[in-house]
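Listing of input.txt, compact mmCIF, C-alpha atoms
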# COMPACT_ATOMS: atom_id res chain seq x y z
CA MET A 264 -17.10 5.81 20.87
CA THR A 265 -14.96 5.76 17.74
CA GLU A 266 -15.47 2.69 15.58
CA ILE A 267 -12.48 1.31 13.70
CA LEU A 268 -12.38 -1.65 11.35
CA THR A 269 -8.92 -3.04 10.79
CA VAL A 270 -8.35 -4.84 7.51
CA THR A 271 -5.60 -7.40 6.95
CA VAL A 272 -5.10 -9.10 3.59
CA THR A 273 -3.21 -12.35 3.97
CA TYR A 274 -1.67 -14.73 1.46
CA ARG A 275 0.29 -17.59 3.02
CA THR A 276 1.12 -15.46 6.05
CA ALA A 277 -1.14 -17.04 8.67
CA SER A 278 1.45 -17.06 11.47
CA TRP A 279 2.28 -13.39 10.89
CA THR A 280 -1.41 -12.51 10.77
CA ALA A 281 -1.98 -14.23 14.12
CA ARG A 282 0.80 -12.12 15.68
CA SER A 283 -0.71 -8.97 14.21
CA LEU A 284 -4.13 -9.85 15.65
CA GLU A 285 -2.53 -10.50 19.05
CA ALA A 286 -1.18 -6.95 19.06
CA LEU A 287 -4.58 -5.57 18.02
CA ALA A 288 -6.23 -7.53 20.83
CA ALA A 289 -3.93 -5.81 23.33
CA GLU A 290 -4.71 -2.43 21.75
CA ARG A 291 -8.44 -3.10 22.13
CA ALA A 292 -7.98 -3.85 25.82
CA ARG A 293 -6.12 -0.63 26.57
CA SER A 294 -8.29 1.69 24.43
CA PRO A 295 -11.74 1.88 26.07
CA GLY A 296 -12.82 4.80 23.88
CA ILE A 297 -12.28 2.83 20.68
CA ALA A 298 -14.50 0.05 19.36
CA LEU A 299 -12.09 -1.97 17.27
CA ARG A 300 -13.09 -4.83 14.98
CA SER A 301 -11.01 -6.75 12.45
CA ILE A 302 -11.59 -8.34 9.09
CA VAL A 303 -8.98 -10.74 7.77
CA VAL A 304 -9.26 -11.44 4.05
CA ASP A 305 -7.55 -14.65 2.97
CA ASN A 306 -6.76 -14.29 -0.73
CA ALA A 307 -7.47 -17.96 -1.48
CA SER A 308 -4.24 -19.19 0.12
CA GLY A 309 -5.58 -21.57 2.76
CA ASP A 310 -4.71 -19.21 5.63
CA SER A 311 -8.37 -19.23 6.77
CA ASP A 312 -8.11 -22.87 7.85
CA GLN A 313 -5.13 -22.04 10.04
CA LEU A 314 -6.52 -18.80 11.47
CA ARG A 315 -10.05 -19.85 12.41
CA PRO A 316 -8.92 -22.31 15.15
CA ILE A 317 -6.63 -19.59 16.56
CA VAL A 318 -9.46 -17.06 16.66
CA GLU A 319 -11.74 -19.58 18.39
CA ALA A 320 -9.08 -20.61 20.91
CA LYS A 321 -8.38 -16.97 21.79
CA GLY A 322 -12.08 -16.12 22.07
CA TRP A 323 -11.82 -13.42 19.42
CA GLN A 324 -14.97 -14.39 17.49
CA ASP A 325 -16.81 -11.28 18.69
CA TRP A 326 -14.41 -8.89 16.97
CA VAL A 327 -12.52 -10.86 14.29
CA THR A 328 -14.15 -11.90 11.01
CA ILE A 329 -12.30 -14.11 8.55
CA ILE A 330 -13.32 -14.01 4.90
CA THR A 331 -12.03 -16.43 2.30
CA ALA A 332 -11.84 -14.66 -1.06
CA PRO A 333 -12.52 -16.82 -4.12
CA ARG A 334 -9.22 -15.87 -5.77
CA ASN A 335 -5.92 -14.15 -5.13
CA GLY A 336 -6.70 -10.77 -6.64
CA GLY A 337 -3.92 -8.82 -4.92
CA PHE A 338 -3.77 -6.18 -2.20
CA ALA A 339 -6.32 -3.73 -3.60
CA TYR A 340 -8.76 -6.54 -4.32
CA GLY A 341 -8.46 -7.95 -0.80
CA ASN A 342 -9.11 -4.58 0.81
CA ASN A 343 -12.12 -4.05 -1.44
CA VAL A 344 -13.51 -7.39 -0.25
CA ALA A 345 -13.40 -6.02 3.31
CA PHE A 346 -14.94 -2.67 2.32
CA GLN A 347 -17.74 -4.48 0.55
CA HIS A 348 -18.39 -6.75 3.51
CA ALA A 349 -18.66 -3.80 5.89
CA TYR A 350 -21.20 -2.01 3.70
CA ALA A 351 -23.14 -5.17 2.91
CA GLU A 352 -23.49 -5.96 6.61
CA LYS A 353 -24.32 -2.28 7.34
CA ARG A 354 -21.56 -2.14 9.94
CA VAL A 355 -19.58 0.72 8.48
CA PRO A 356 -16.94 2.13 10.87
CA ASP A 357 -15.75 5.69 11.35
CA PHE A 358 -12.32 4.62 10.08
CA PHE A 359 -10.84 1.79 8.06
CA TYR A 360 -7.37 0.82 9.26
CA LEU A 361 -5.36 -1.21 6.74
CA ILE A 362 -2.50 -3.15 8.31
CA ASN A 363 -0.19 -5.71 6.77
CA PRO A 364 -0.08 -9.24 8.19
CA ASP A 365 3.63 -8.76 8.95
CA ALA A 366 2.97 -5.55 10.92
CA ALA A 367 2.04 -5.26 14.59
CA VAL A 368 0.85 -2.15 16.43
CA ARG A 369 2.86 -0.79 19.32
CA SER A 370 1.00 0.34 22.44
CA GLY A 371 -1.23 3.32 21.69
CA ALA A 372 -0.68 3.22 17.92
CA VAL A 373 -4.37 3.20 17.00
CA ALA A 374 -5.33 5.68 19.72
CA ALA A 375 -2.67 8.11 18.46
CA LEU A 376 -4.16 8.00 14.95
CA VAL A 377 -7.65 8.66 16.29
CA ALA A 378 -6.39 11.57 18.40
CA PHE A 379 -4.69 13.05 15.34
CA PHE A 380 -7.88 12.97 13.28
CA GLU A 381 -9.80 14.67 16.08
CA THR A 382 -7.54 17.72 15.75
CA HIS A 383 -7.20 17.61 11.95
CA PRO A 384 -10.69 17.48 10.43
CA ASP A 385 -9.31 18.07 6.92
CA ALA A 386 -7.14 14.95 7.08
CA GLY A 387 -8.52 11.98 5.18
CA LEU A 388 -5.71 9.47 5.53
CA ALA A 389 -2.76 8.91 7.83
CA ALA A 390 0.06 6.45 8.41
CA SER A 391 2.09 5.30 11.36
CA SER A 392 5.84 5.49 11.67
CA ILE A 393 7.54 2.19 10.97
CA GLU A 394 9.85 0.29 13.27
CA GLU A 395 11.90 -2.53 11.78
CA ALA A 396 12.00 -5.98 13.35
CA ASP A 397 15.29 -5.18 15.12
CA GLY A 398 13.81 -2.04 16.69
CA ALA A 399 15.41 0.48 14.30
CA LEU A 400 13.16 3.31 13.18
CA TRP A 401 12.39 3.54 9.45
CA PRO A 402 11.27 7.21 9.28
CA TYR A 403 10.15 7.65 5.69
CA ALA A 404 7.15 8.69 3.63
CA PHE A 405 7.08 9.49 -0.08
CA ARG A 406 6.46 12.01 -2.83
CA PHE A 407 4.46 11.01 -5.87
CA PRO A 408 6.64 9.45 -8.61
CA SER A 409 7.41 11.63 -11.59
CA LEU A 410 9.69 11.89 -14.61
CA ALA A 411 12.19 13.83 -12.47
CA SER A 412 12.16 11.22 -9.72
CA GLU A 413 12.87 8.49 -12.30
CA ILE A 414 16.01 10.39 -13.32
CA GLU A 415 17.17 10.77 -9.73
CA GLY A 416 16.36 7.19 -8.77
CA GLY A 417 18.08 5.74 -11.82
CA LEU A 418 21.28 7.77 -11.65
CA SER A 419 21.67 7.89 -7.83
CA LEU A 420 24.38 10.54 -8.27
CA GLY A 421 25.07 12.96 -5.44
CA LEU A 422 24.93 16.14 -7.52
CA VAL A 423 21.79 15.08 -9.41
CA SER A 424 20.08 13.97 -6.21
CA LYS A 425 20.90 17.32 -4.65
CA LEU A 426 19.48 19.25 -7.61
CA LEU A 427 16.32 17.12 -7.59
CA GLU A 428 16.04 16.95 -3.81
CA GLU A 429 12.46 18.23 -3.82
CA ARG A 430 11.44 15.66 -6.45
CA THR A 431 12.96 12.50 -4.95
CA VAL A 432 10.35 9.91 -4.02
CA ARG A 433 11.65 8.91 -0.61
CA ARG A 434 11.35 11.61 2.02
CA LYS A 435 12.84 11.40 5.50
CA MET A 436 10.42 12.30 8.25
CA GLY A 437 10.97 14.11 11.53
CA GLU A 438 9.29 13.87 14.92
CA LEU A 439 6.21 15.95 14.12
CA PRO A 440 3.09 15.06 12.11
CA THR A 441 3.74 16.03 8.50
CA GLN A 442 1.55 16.26 5.43
CA VAL A 443 2.89 13.94 2.72
CA ASP A 444 1.96 12.64 -0.72
CA TRP A 445 1.77 8.95 0.05
CA PHE A 446 2.99 6.20 2.37
CA PRO A 447 3.17 2.39 2.39
CA GLY A 448 -0.01 0.44 3.01
CA ALA A 449 1.58 -1.44 5.92
CA SER A 450 -0.24 0.80 8.41
CA MET A 451 -2.72 3.15 6.79
CA ILE A 452 -5.93 4.59 8.18
CA LEU A 453 -8.66 6.42 6.28
CA ARG A 454 -11.95 8.03 7.09
CA ARG A 455 -15.09 6.29 5.89
CA GLU A 456 -15.93 9.47 4.00
CA VAL A 457 -12.89 8.91 1.78
CA VAL A 458 -14.19 5.48 0.74
CA GLU A 459 -17.65 6.92 0.19
CA GLU A 460 -16.31 9.74 -1.97
CA ILE A 461 -13.66 8.01 -4.11
CA GLY A 462 -14.49 4.33 -3.61
CA GLY A 463 -12.08 1.51 -2.96
CA MET A 464 -8.69 0.80 -4.47
CA ASP A 465 -8.11 0.02 -8.13
CA GLU A 466 -7.97 -3.77 -8.42
CA SER A 467 -6.17 -3.59 -11.76
CA TYR A 468 -3.05 -3.15 -9.64
CA PHE A 469 -2.14 -6.59 -8.36
CA LEU A 470 0.54 -5.41 -5.96
CA TYR A 471 2.56 -2.18 -5.63
CA PHE A 472 1.57 1.37 -6.60
CA GLU A 473 -2.06 0.75 -5.58
CA GLU A 474 -1.71 2.84 -2.42
CA THR A 475 0.20 5.52 -4.38
CA ASP A 476 -2.64 5.65 -6.89
CA TYR A 477 -5.24 5.73 -4.10
CA LEU A 478 -3.61 8.60 -2.26
CA LEU A 479 -3.27 10.55 -5.49
CA ARG A 480 -7.01 10.12 -6.09
CA ALA A 481 -7.71 11.23 -2.51
CA ARG A 482 -5.49 14.31 -3.01
CA GLU A 483 -7.37 15.18 -6.19
CA ALA A 484 -10.64 14.92 -4.24
CA GLY A 485 -9.36 17.45 -1.68
CA TRP A 486 -8.22 15.13 1.14
CA THR A 487 -4.86 15.47 2.87
CA ALA A 488 -2.59 12.61 3.95
CA TRP A 489 -0.33 12.67 6.99
CA TYR A 490 2.61 10.88 8.56
CA VAL A 491 1.91 10.53 12.30
CA PRO A 492 5.07 9.49 14.20
CA GLU A 493 3.27 9.16 17.56
CA SER A 494 1.67 6.04 16.12
CA ARG A 495 4.22 3.29 15.64
CA VAL A 496 4.04 -0.20 14.20
CA VAL A 497 6.66 -2.94 13.89
CA HIS A 498 6.95 -4.12 10.30
CA ALA A 499 8.93 -7.20 9.30
CA ALA A 500 9.47 -5.89 5.77
CA GLY A 501 9.21 -8.35 2.92
CA GLN A 502 7.39 -11.12 4.77
CA SER A 503 4.02 -10.51 3.13
CA THR A 504 5.35 -9.85 -0.39
CA GLY A 505 8.48 -11.97 -0.66
CA VAL A 506 10.33 -9.05 -2.24
CA THR A 507 13.72 -7.90 -0.95
CA THR A 508 13.93 -6.59 2.59
CA PRO A 509 15.94 -3.36 3.08
CA ARG A 510 19.17 -5.05 4.19
CA GLU A 511 19.29 -7.95 1.74
CA ARG A 512 21.07 -8.23 -1.56
CA PRO A 513 18.66 -7.04 -4.30
CA ARG A 514 16.43 -9.67 -5.88
CA ARG A 515 14.79 -9.62 -9.28
CA LEU A 516 11.53 -7.68 -9.14
CA PRO A 517 8.36 -9.54 -10.14
CA ASP A 518 6.56 -8.72 -13.38
CA TYR A 519 3.64 -7.21 -11.50
CA TRP A 520 5.92 -4.50 -10.05
CA PHE A 521 6.72 -3.26 -13.55
CA GLU A 522 3.10 -3.64 -14.66
CA SER A 523 1.92 -1.57 -11.70
CA ARG A 524 4.55 1.09 -12.32
CA ARG A 525 3.49 1.35 -15.97
CA ARG A 526 -0.17 1.55 -15.02
CA TYR A 527 0.46 4.31 -12.48
CA PHE A 528 2.16 6.63 -14.97
CA ALA A 529 -0.12 5.89 -17.94
CA LYS A 530 -3.36 6.02 -15.97
CA ASN A 531 -2.61 9.18 -14.00
CA HIS A 532 -0.49 11.17 -16.46
CA GLY A 533 -1.31 9.74 -19.88
CA VAL A 534 0.53 7.40 -22.24
CA PRO A 535 2.80 10.13 -23.76
CA TYR A 536 4.04 11.02 -20.27
CA ALA A 537 4.58 7.33 -19.48
CA VAL A 538 6.59 6.93 -22.69
CA ALA A 539 8.77 9.93 -21.81
CA THR A 540 9.24 8.57 -18.30
CA ASP A 541 10.38 5.22 -19.66
CA VAL A 542 12.87 6.89 -22.00
CA VAL A 543 14.56 8.80 -19.19
CA ALA A 544 14.28 5.84 -16.80
CA LEU A 545 16.06 3.48 -19.20
CA MET A 546 18.84 6.00 -19.80
CA ALA A 547 19.22 6.90 -16.13
CA HIS A 548 19.19 3.32 -14.91
CA THR A 549 21.71 2.29 -17.57
CA LEU A 550 24.15 4.95 -16.36
CA GLY A 551 23.37 4.14 -12.75
CA ALA A 552 23.97 0.42 -13.30
CA LEU A 553 27.35 1.15 -14.91
CA LYS A 554 28.31 3.36 -11.97
CA ARG A 555 27.34 0.70 -9.41
CA ARG A 556 29.22 -1.98 -11.34
CA MET A 557 32.38 0.16 -11.34
CA GLN A 558 31.94 0.65 -7.59
CA GLY A 559 31.48 -3.08 -7.01
CA ARG A 560 27.93 -2.60 -5.78
CA PRO A 561 25.08 -4.95 -6.73
CA ASN A 562 22.34 -4.06 -9.18
CA VAL A 563 18.79 -5.38 -9.14
CA PRO A 564 19.04 -8.47 -11.37
CA PHE A 565 17.63 -8.05 -14.90
CA PHE A 566 16.15 -4.66 -13.99
CA LEU A 567 16.87 -2.96 -17.32
CA ARG A 568 15.70 -5.97 -19.31
CA ASP A 569 12.46 -6.16 -17.33
CA LEU A 570 11.90 -2.41 -17.51
CA TRP A 571 12.17 -2.59 -21.31
CA ARG A 572 9.87 -5.63 -21.54
CA HIS A 573 7.14 -3.77 -19.66
CA SER A 574 7.81 -0.31 -21.09
CA THR A 575 5.21 1.82 -22.84
CA LEU A 576 7.84 2.33 -25.52
CA ARG A 577 6.49 -0.96 -26.81
CA SER A 578 3.07 -0.42 -28.37
CA ARG A 579 1.70 -3.68 -26.97
CA ASN A 580 2.10 -2.26 -23.46
CA ARG A 581 -0.04 0.83 -24.03
CA GLN A 582 -3.43 -0.79 -23.53
CA LEU A 583 -4.68 -0.18 -19.98
CA LEU A 584 -6.94 -2.51 -18.07
CA PRO A 585 -10.18 -0.81 -16.95
CA VAL A 586 -10.45 0.58 -13.44
CA ARG A 587 -12.07 -1.98 -11.15
CA GLN A 588 -13.04 -0.88 -7.66
CA PHE A 589 -15.65 -1.13 -4.95
CA ARG A 590 -18.27 1.64 -4.98
CA PRO A 591 -20.45 1.88 -1.85
CA ASP A 592 -22.80 4.35 -3.56
CA ASP A 593 -23.73 2.01 -6.41
CA PRO A 594 -27.00 0.30 -5.44
CA ALA A 595 -26.87 -1.91 -8.55
CA GLN A 596 -23.54 -3.38 -7.54
CA PRO A 597 -23.83 -7.15 -6.95
CA ILE A 598 -22.75 -8.54 -3.61
CA ASN A 599 -20.84 -11.80 -3.77
CA ARG A 600 -21.58 -13.56 -0.50
CA ALA A 601 -18.80 -16.05 -1.16
CA GLY A 602 -16.32 -13.31 -0.35
CA GLY A 603 -15.62 -11.85 -3.76
CA THR A 604 -15.60 -8.16 -4.41
CA ALA A 605 -18.03 -6.29 -6.59
CA THR A 606 -16.37 -4.30 -9.32
CA THR A 607 -17.18 -1.35 -11.51
CA GLU A 608 -15.38 -0.45 -14.70
CA ALA A 609 -14.44 3.04 -15.74
Please go through the file and, once you have read it, give me the structure as structure tokens.
Amino acid sequence: MTEILTVTVTYRTASWTARSLEALAAERARSPGIALRSIVVDNASGDSDQLRPIVEAKGWQDWVTIITAPRNGGFAYGNNVAFQHAYAEKRVPDFFYLINPDAAVRSGAVAALVAFFETHPDAGLAASSIEEADGALWPYAFRFPSLASEIEGGLSLGLVSKLLEERTVRRKMGELPTQVDWFPGASMILRREVVEEIGGMDESYFLYFEETDYLLRAREAGWTAWYVPESRVVHAAGQSTGVTTPRERPRRLPDYWFESRRRYFAKNHGVPYAVATDVVALMAHTLGALKRRMQGRPNVPFFLRDLWRHSTLRSRNRQLLPVRQFRPDDPAQPINRAGGTATTEA
């Protein structure tokens, strides 16, 4: 029997979380070889009060645990709360399955991921294919961001994109399982051994780039990550973050997006690399914005201004917060029974 613990971090998305749990309940019923439990972490939003009566009315108390975190620490923090709870209760699964509150598994989605791991013992992490709310397939995974990808993404010119095709971040997927760099955290499964080797996510990312950082750390530890199209989830993009959905007019990005981007480059490649990346990004996005304006296409509001405000070109932005993450192998780590997550600093 394969044990899977699904983890959903919710913040003012109680109704979406309930729908996601409904889909997981159906998956439990049709997957007799899988023991599936769920932890829902409410990041201090009040969702717990709405979800507990639903869980009781559905009779899900035997497999759904709701934890109220003491603060809204972001996506990485919420997942670490769940990791910590599993190890504290000594109910550690074979796999942790992270799923967004605005995502719902299709029939056989979890079973397909388990079957994939059975035939790929070197794989540490995997992701489902994404289906949009209208049924359209969103077949993408990603390459790790780099200086070259910042040039391509900023300019968005056909010739440049062609020359940098192997460095672009977004990568269209086919119909076969494919090894990739990283994928969104909307539907992401990982072996328990990954958590035990590299720990939880870095809580100094509030939102965005935390899964990119985590998969880079897993890659450096020797684990591979895979896109598994046989597993499919429906994802109502933007519902859990409030940031632009794919078909909407661009909205201004929140400050934490720029802070996370800066942290990713400076932490993983060093401040000089982050500075160089910001130089080329500002130039490329300036040219790209002028091109889009001439074409009558919208730009992300205040993007260049916000990129400069958060850039490592400004000395005040070069100080990094320490790494904060859950470590299951640290016996001295305090356990916060109120639902908080233990942290270590590196």
List every residue of stretch 452-496 of chain A that has an atom at most 12 Å from any atom of stretch 385-397 of chain A, giving for each one its closest atom pair and the distance in Å to one decimal, counting only C-alpha atoms, sorted by chain and then by ascending residue number, as JSON lines.
{"residue": "A:Ile452", "atom": "CA", "partner": "A:Ala389", "partner_atom": "CA", "distance": 5.4}
{"residue": "A:Leu453", "atom": "CA", "partner": "A:Leu388", "partner_atom": "CA", "distance": 4.3}
{"residue": "A:Arg454", "atom": "CA", "partner": "A:Gly387", "partner_atom": "CA", "distance": 5.6}
{"residue": "A:Arg455", "atom": "CA", "partner": "A:Gly387", "partner_atom": "CA", "distance": 8.7}
{"residue": "A:Glu456", "atom": "CA", "partner": "A:Gly387", "partner_atom": "CA", "distance": 7.9}
{"residue": "A:Val457", "atom": "CA", "partner": "A:Gly387", "partner_atom": "CA", "distance": 6.3}
{"residue": "A:Val458", "atom": "CA", "partner": "A:Gly387", "partner_atom": "CA", "distance": 9.7}
{"residue": "A:Glu459", "atom": "CA", "partner": "A:Gly387", "partner_atom": "CA", "distance": 11.6}
{"residue": "A:Glu460", "atom": "CA", "partner": "A:Gly387", "partner_atom": "CA", "distance": 10.8}
{"residue": "A:Ile461", "atom": "CA", "partner": "A:Gly387", "partner_atom": "CA", "distance": 11.3}
{"residue": "A:Glu474", "atom": "CA", "partner": "A:Leu388", "partner_atom": "CA", "distance": 11.1}
{"residue": "A:Tyr477", "atom": "CA", "partner": "A:Leu388", "partner_atom": "CA", "distance": 10.3}
{"residue": "A:Leu478", "atom": "CA", "partner": "A:Leu388", "partner_atom": "CA", "distance": 8.1}
{"residue": "A:Leu479", "atom": "CA", "partner": "A:Leu388", "partner_atom": "CA", "distance": 11.3}
{"residue": "A:Arg480", "atom": "CA", "partner": "A:Gly387", "partner_atom": "CA", "distance": 11.5}
{"residue": "A:Ala481", "atom": "CA", "partner": "A:Gly387", "partner_atom": "CA", "distance": 7.8}
{"residue": "A:Arg482", "atom": "CA", "partner": "A:Gly387", "partner_atom": "CA", "distance": 9.0}
{"residue": "A:Glu483", "atom": "CA", "partner": "A:Gly387", "partner_atom": "CA", "distance": 11.9}
{"residue": "A:Ala484", "atom": "CA", "partner": "A:Gly387", "partner_atom": "CA", "distance": 10.1}
{"residue": "A:Gly485", "atom": "CA", "partner": "A:Asp385", "partner_atom": "CA", "distance": 8.6}
{"residue": "A:Trp486", "atom": "CA", "partner": "A:Gly387", "partner_atom": "CA", "distance": 5.1}
{"residue": "A:Thr487", "atom": "CA", "partner": "A:Ala386", "partner_atom": "CA", "distance": 4.8}
{"residue": "A:Ala488", "atom": "CA", "partner": "A:Leu388", "partner_atom": "CA", "distance": 4.7}
{"residue": "A:Trp489", "atom": "CA", "partner": "A:Ala389", "partner_atom": "CA", "distance": 4.6}
{"residue": "A:Tyr490", "atom": "CA", "partner": "A:Ala390", "partner_atom": "CA", "distance": 5.1}
{"residue": "A:Val491", "atom": "CA", "partner": "A:Ser391", "partner_atom": "CA", "distance": 5.3}
{"residue": "A:Pro492", "atom": "CA", "partner": "A:Ser392", "partner_atom": "CA", "distance": 4.8}
{"residue": "A:Glu493", "atom": "CA", "partner": "A:Ser391", "partner_atom": "CA", "distance": 7.4}
{"residue": "A:Ser494", "atom": "CA", "partner": "A:Ser391", "partner_atom": "CA", "distance": 4.8}
{"residue": "A:Arg495", "atom": "CA", "partner": "A:Ser392", "partner_atom": "CA", "distance": 4.8}
{"residue": "A:Val496", "atom": "CA", "partner": "A:Ile393", "partner_atom": "CA", "distance": 5.3}
Task: Surrounding residues of A:Val303 excluding itself and chain neighbours under 2 positions, 8 Å, only C-alpha atoms, as a PyMOL selection string - done: chain A and resi 270-273+301+305+327-330+345
TODO: For each of A:Ala292, A:Gly533, A:Arg275, A:Asp325, take the minimum atom-to-atom distance to A:Gln313, counting only C-alpha atoms, then give the residue where this is smallest.
DONE: A:Arg275
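Taking all atoms listed in the file into account, A:Gln588 lies nearest to A:Tyr468 out of the set A:Tyr350, A:Phe565, A:Phe521, A:Tyr468.
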Open item on the list: For a quick check of understanding, using only C-alpha atoms, which of A:Arg300, A:Arg525, A:His348, A:Lys321 has the smallest distance to A:Phe589?
Closed with: A:His348
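The residue that comes closest to A:Leu584, out of A:Asp312, A:Glu413, A:Glu466, A:Glu428 and on the basis of all atoms listed in the file, is A:Glu466.
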TODO: Fewer than 2 positions away in the same chain doesn't count, so skip those; otherwise give me all residues within 8 Å of A:Phe446, counting all atoms listed in the file, as a PyMOL selection string.
DONE: chain A and resi 390+404-405+443-444+448+451+474-475+490
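Taking only C-alpha atoms into account, the residues near (-16.6, 1.2, 13.5), no farther than 10 Å, are Met264, Thr265, Glu266, Ile267, Leu268, Thr269, Ile297, Ala298, Leu299, Arg300, Ser301, Ala349, Arg354, Val355, Pro356, Asp357, Phe358, Phe359 and Arg455 of chain A.
Counting from atom CA of A:Ile362, the distance to atom CA of A:Lys530 is 26.0 Å.
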Expected answer as a compact mmCIF listing (two decimals) with C-alpha atoms, in the frame of the given file: all residues with atoms within 10 Å of (-11.4, -2.1, -2.4), all atoms listed in the file:
# COMPACT_ATOMS: atom_id res chain seq x y z
CA PHE A 338 -3.77 -6.18 -2.20
CA ALA A 339 -6.32 -3.73 -3.60
CA TYR A 340 -8.76 -6.54 -4.32
CA GLY A 341 -8.46 -7.95 -0.80
CA ASN A 342 -9.11 -4.58 0.81
CA ASN A 343 -12.12 -4.05 -1.44
CA VAL A 344 -13.51 -7.39 -0.25
CA ALA A 345 -13.40 -6.02 3.31
CA PHE A 346 -14.94 -2.67 2.32
CA GLN A 347 -17.74 -4.48 0.55
CA VAL A 458 -14.19 5.48 0.74
CA GLY A 462 -14.49 4.33 -3.61
CA GLY A 463 -12.08 1.51 -2.96
CA MET A 464 -8.69 0.80 -4.47
CA ASP A 465 -8.11 0.02 -8.13
CA GLU A 466 -7.97 -3.77 -8.42
CA ARG A 587 -12.07 -1.98 -11.15
CA GLN A 588 -13.04 -0.88 -7.66
CA PHE A 589 -15.65 -1.13 -4.95
CA ARG A 590 -18.27 1.64 -4.98
CA PRO A 591 -20.45 1.88 -1.85
CA THR A 604 -15.60 -8.16 -4.41
CA ALA A 605 -18.03 -6.29 -6.59
CA THR A 606 -16.37 -4.30 -9.32
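Comparing A:Asn306, A:Ser578, A:Ser409, A:Ser467 by their smallest distance to A:Val543, the closest is A:Ser409 (using all atoms listed in the file).
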Open item on the list: Under the rule that all atoms listed in the file are counted, which of A:Gly371, A:Pro585, A:Gly417, A:Pro447 is the nearest residue to A:Leu553?
Closed with: A:Gly417
Reconstructed stretch 271-282 of chain A, atom set N, CA and C atoms, as a PDB file, in the coordinates of the input:
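out-v3.pdb was written with the following content:
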ATOM      1  N   THR A 271      -6.855  -6.723   7.242  1.00  0.00           N
ATOM      2  CA  THR A 271      -5.600  -7.400   6.950  1.00  0.00           C
ATOM      3  C   THR A 271      -5.819  -8.359   5.792  1.00  0.00           C
ATOM      4  N   VAL A 272      -5.033  -8.201   4.749  1.00  0.00           N
ATOM      5  CA  VAL A 272      -5.100  -9.100   3.590  1.00  0.00           C
ATOM      6  C   VAL A 272      -3.933 -10.074   3.693  1.00  0.00           C
ATOM      7  N   THR A 273      -4.248 -11.342   3.768  1.00  0.00           N
ATOM      8  CA  THR A 273      -3.210 -12.350   3.970  1.00  0.00           C
ATOM      9  C   THR A 273      -3.130 -13.310   2.784  1.00  0.00           C
ATOM     10  N   TYR A 274      -1.912 -13.697   2.478  1.00  0.00           N
ATOM     11  CA  TYR A 274      -1.670 -14.730   1.460  1.00  0.00           C
ATOM     12  C   TYR A 274      -0.467 -15.536   1.926  1.00  0.00           C
ATOM     13  N   ARG A 275      -0.748 -16.708   2.489  1.00  0.00           N
ATOM     14  CA  ARG A 275       0.290 -17.590   3.020  1.00  0.00           C
ATOM     15  C   ARG A 275       1.117 -16.908   4.103  1.00  0.00           C
ATOM     16  N   THR A 276       0.451 -16.129   4.922  1.00  0.00           N
ATOM     17  CA  THR A 276       1.120 -15.460   6.050  1.00  0.00           C
ATOM     18  C   THR A 276       0.289 -15.622   7.324  1.00  0.00           C
ATOM     19  N   ALA A 277      -0.243 -16.811   7.535  1.00  0.00           N
ATOM     20  CA  ALA A 277      -1.140 -17.040   8.670  1.00  0.00           C
ATOM     21  C   ALA A 277      -0.460 -16.774  10.008  1.00  0.00           C
ATOM     22  N   SER A 278       0.772 -17.238  10.178  1.00  0.00           N
ATOM     23  CA  SER A 278       1.450 -17.060  11.470  1.00  0.00           C
ATOM     24  C   SER A 278       1.705 -15.584  11.750  1.00  0.00           C
ATOM     25  N   TRP A 279       2.074 -14.827  10.710  1.00  0.00           N
ATOM     26  CA  TRP A 279       2.280 -13.390  10.890  1.00  0.00           C
ATOM     27  C   TRP A 279       0.960 -12.684  11.191  1.00  0.00           C
ATOM     28  N   THR A 280      -0.098 -13.101  10.526  1.00  0.00           N
ATOM     29  CA  THR A 280      -1.410 -12.510  10.770  1.00  0.00           C
ATOM     30  C   THR A 280      -1.859 -12.734  12.206  1.00  0.00           C
ATOM     31  N   ALA A 281      -1.609 -13.932  12.728  1.00  0.00           N
ATOM     32  CA  ALA A 281      -1.980 -14.230  14.120  1.00  0.00           C
ATOM     33  C   ALA A 281      -1.242 -13.306  15.085  1.00  0.00           C
ATOM     34  N   ARG A 282       0.032 -13.036  14.825  1.00  0.00           N
ATOM     35  CA  ARG A 282       0.800 -12.120  15.680  1.00  0.00           C
ATOM     36  C   ARG A 282       0.239 -10.704  15.589  1.00  0.00           C
TER      37      ARG A 282
END
